[in-house]
2 protein chains.
Amino acid sequence: MTLFRSQLGDVLRERRAGLGLTLREVSKAARVSLGYISEIERGQKEASSELLASLCEALDVPLSTVLRDVADAVALEEGLVTADAVATPFEASRRPDEMVAPAA
Amino acid sequence: MTLFRSQLGDVLRERRAGLGLTLREVSKAARVSLGYISEIERGQKEASSELLASLCEALDVPLSTVLRDVADAVALEEGLVTADAVATPFEASRRPDEMVAPAA
């Protein structure tokens, strides 16, 4: 069975890692205990809707983007799409203004 | 603040209504109490990942489709897209084999 919290945890961890943030930094920004965030990232705890909103804010990503990334990951698990059809979660969640031009 | 559970509740209720199912029927199929499903549909309770999976099964819709519909609804609330850019949740969640030809 594909569980929402497992895929959500992966998406949140990838986003955090992509930003180069530590659990401690996100914990402080989202005002959520470090242990709780860690459990959420490992898919061991459900995140309440309020907590999820705080995490998205701390990770500077719209909730809709996180949910789309989770939907893509779930679709892959469900075998409804192939990996080629799904952009990598972190790239997909970047906004154009976050794109960094390669050094000249 | 856009809450996941509020948008999820709307998407689940629209799906159920679109299928013409009663709360009682979904409650029986998903083996979840009627009151609990009702609270989830009204965005008053968080659905655990296991419960969400059961509800999707009872509503004969992939979890990924529900999550995409929720992501679309959240994006609308966030002002990231306009209504025109988002298909109506129930239509978007239909699979081709569910499409019914109009009576001749």
# chains A, B, ... in the order shown; residues from 1 in each chain; ligands from 1

call {"tool": "interface_residues", "arguments": {"of": "chain A", "to": "chain B", "cutoff": "6 Å", "atoms": "only C-alpha atoms", "output": "list of chain:residue names"}}
result
A:Leu3, A:Phe4, A:Ser49, A:Ser64, A:Leu67, A:Arg68, A:Ala71, A:Val74, A:Ala75

call {"tool": "select_by_dssp", "arguments": {"residues": "segment 14-52 of chain B", "states": "helix (DSSP H, G or I)", "output": "number ranges by chain"}}
result
B: 14-19, 23-30, 34-41, 49-52

call {"tool": "atom_distance", "arguments": {"atom1": "atom CA of Asp60 of chain A", "atom2": "atom CA of Glu39 of chain A"}}
result
20.2 Å

call {"tool": "residues_around", "arguments": {"residues": "Ser33 of chain A", "least_positions_apart": "6", "cutoff": "12 Å", "atoms": "only C-alpha atoms", "output": "number ranges by chain"}}
result
A: 23-27, 39-40, 51, 55

call {"tool": "write_last_selection", "arguments": {"atoms": "all heavy atoms", "output": "JSON list (two decimals), in the first residue's frame"}}
result
[["chain", "number", "residue", "atom", "x", "y", "z"],
["A", 23, "LEU", "N", 18.32, 19.71, 9.71],
["A", 23, "LEU", "CA", 17.08, 19.49, 10.46],
["A", 23, "LEU", "C", 16.93, 20.58, 11.52],
["A", 23, "LEU", "O", 15.83, 21.07, 11.77],
["A", 23, "LEU", "CB", 17.11, 18.11, 11.15],
["A", 23, "LEU", "CG", 16.69, 16.90, 10.32],
["A", 23, "LEU", "CD1", 16.94, 15.63, 11.12],
["A", 23, "LEU", "CD2", 15.22, 16.99, 9.93],
["A", 24, "ARG", "N", 18.04, 20.94, 12.15],
["A", 24, "ARG", "CA", 18.01, 21.93, 13.22],
["A", 24, "ARG", "C", 17.52, 23.29, 12.70],
["A", 24, "ARG", "O", 16.70, 23.96, 13.34],
["A", 24, "ARG", "CB", 19.41, 22.07, 13.85],
["A", 24, "ARG", "CG", 19.45, 22.90, 15.13],
["A", 24, "ARG", "CD", 20.81, 22.78, 15.81],
["A", 24, "ARG", "NE", 21.16, 21.41, 16.13],
["A", 24, "ARG", "CZ", 20.73, 20.76, 17.22],
["A", 24, "ARG", "NH1", 19.97, 21.38, 18.09],
["A", 24, "ARG", "NH2", 21.08, 19.50, 17.42],
["A", 25, "GLU", "N", 17.99, 23.66, 11.51],
["A", 25, "GLU", "CA", 17.59, 24.95, 10.94],
["A", 25, "GLU", "C", 16.10, 24.96, 10.61],
["A", 25, "GLU", "O", 15.40, 25.94, 10.89],
["A", 25, "GLU", "CB", 18.43, 25.25, 9.68],
["A", 25, "GLU", "CG", 19.88, 25.63, 10.01],
["A", 25, "GLU", "CD", 20.80, 25.59, 8.79],
["A", 25, "GLU", "OE1", 20.59, 24.74, 7.89],
["A", 25, "GLU", "OE2", 21.74, 26.40, 8.76],
["A", 26, "VAL", "N", 15.63, 23.87, 10.03],
["A", 26, "VAL", "CA", 14.20, 23.79, 9.68],
["A", 26, "VAL", "C", 13.35, 23.74, 10.95],
["A", 26, "VAL", "O", 12.29, 24.37, 11.04],
["A", 26, "VAL", "CB", 13.92, 22.58, 8.78],
["A", 26, "VAL", "CG1", 12.42, 22.41, 8.54],
["A", 26, "VAL", "CG2", 14.64, 22.74, 7.44],
["A", 27, "SER", "N", 13.85, 23.02, 11.94],
["A", 27, "SER", "CA", 13.15, 22.91, 13.21],
["A", 27, "SER", "C", 12.94, 24.30, 13.82],
["A", 27, "SER", "O", 11.86, 24.64, 14.30],
["A", 27, "SER", "CB", 13.98, 22.02, 14.15],
["A", 27, "SER", "OG", 13.59, 22.20, 15.49],
["A", 39, "GLU", "N", 11.06, 12.43, 12.25],
["A", 39, "GLU", "CA", 10.12, 11.31, 12.10],
["A", 39, "GLU", "C", 9.20, 11.50, 10.89],
["A", 39, "GLU", "O", 8.86, 10.54, 10.20],
["A", 39, "GLU", "CB", 9.27, 11.16, 13.37],
["A", 39, "GLU", "CG", 10.06, 10.55, 14.53],
["A", 39, "GLU", "CD", 9.17, 10.28, 15.73],
["A", 39, "GLU", "OE1", 8.66, 11.27, 16.32],
["A", 39, "GLU", "OE2", 8.97, 9.11, 16.07],
["A", 40, "ILE", "N", 8.84, 12.75, 10.65],
["A", 40, "ILE", "CA", 8.00, 13.03, 9.47],
["A", 40, "ILE", "C", 8.78, 12.72, 8.20],
["A", 40, "ILE", "O", 8.27, 12.08, 7.28],
["A", 40, "ILE", "CB", 7.52, 14.50, 9.49],
["A", 40, "ILE", "CG1", 6.46, 14.68, 10.58],
["A", 40, "ILE", "CG2", 6.97, 14.91, 8.12],
["A", 40, "ILE", "CD1", 6.07, 16.11, 10.85],
["A", 51, "LEU", "N", 1.12, 21.79, 10.71],
["A", 51, "LEU", "CA", 2.56, 21.52, 10.72],
["A", 51, "LEU", "C", 3.10, 21.48, 9.30],
["A", 51, "LEU", "O", 4.18, 22.03, 9.00],
["A", 51, "LEU", "CB", 2.81, 20.19, 11.44],
["A", 51, "LEU", "CG", 4.26, 19.74, 11.52],
["A", 51, "LEU", "CD1", 5.15, 20.85, 12.04],
["A", 51, "LEU", "CD2", 4.37, 18.52, 12.42],
["A", 55, "LEU", "N", 6.06, 23.74, 7.76],
["A", 55, "LEU", "CA", 7.25, 23.16, 7.13],
["A", 55, "LEU", "C", 7.44, 23.73, 5.73],
["A", 55, "LEU", "O", 8.57, 24.05, 5.33],
["A", 55, "LEU", "CB", 7.14, 21.64, 7.07],
["A", 55, "LEU", "CG", 7.42, 20.90, 8.37],
["A", 55, "LEU", "CD1", 7.15, 19.40, 8.21],
["A", 55, "LEU", "CD2", 8.87, 21.12, 8.80]]

call {"tool": "closest_residue", "arguments": {"among": "A:Val61, A:Cys56, A:Ala30, A:Ile37", "to": "Gly9 of chain A", "atoms": "only C-alpha atoms"}}
result
A:Ile37

call {"tool": "closest_residue", "arguments": {"among": "B:Glu57, B:Leu8, B:Arg13, B:Arg42", "to": "Lys28 of chain B", "atoms": "only C-alpha atoms"}}
result
B:Glu57

call {"tool": "atom_distance", "arguments": {"atom1": "atom CA of Arg16 of chain B", "atom2": "atom CA of Ala58 of chain B"}}
result
9.2 Å
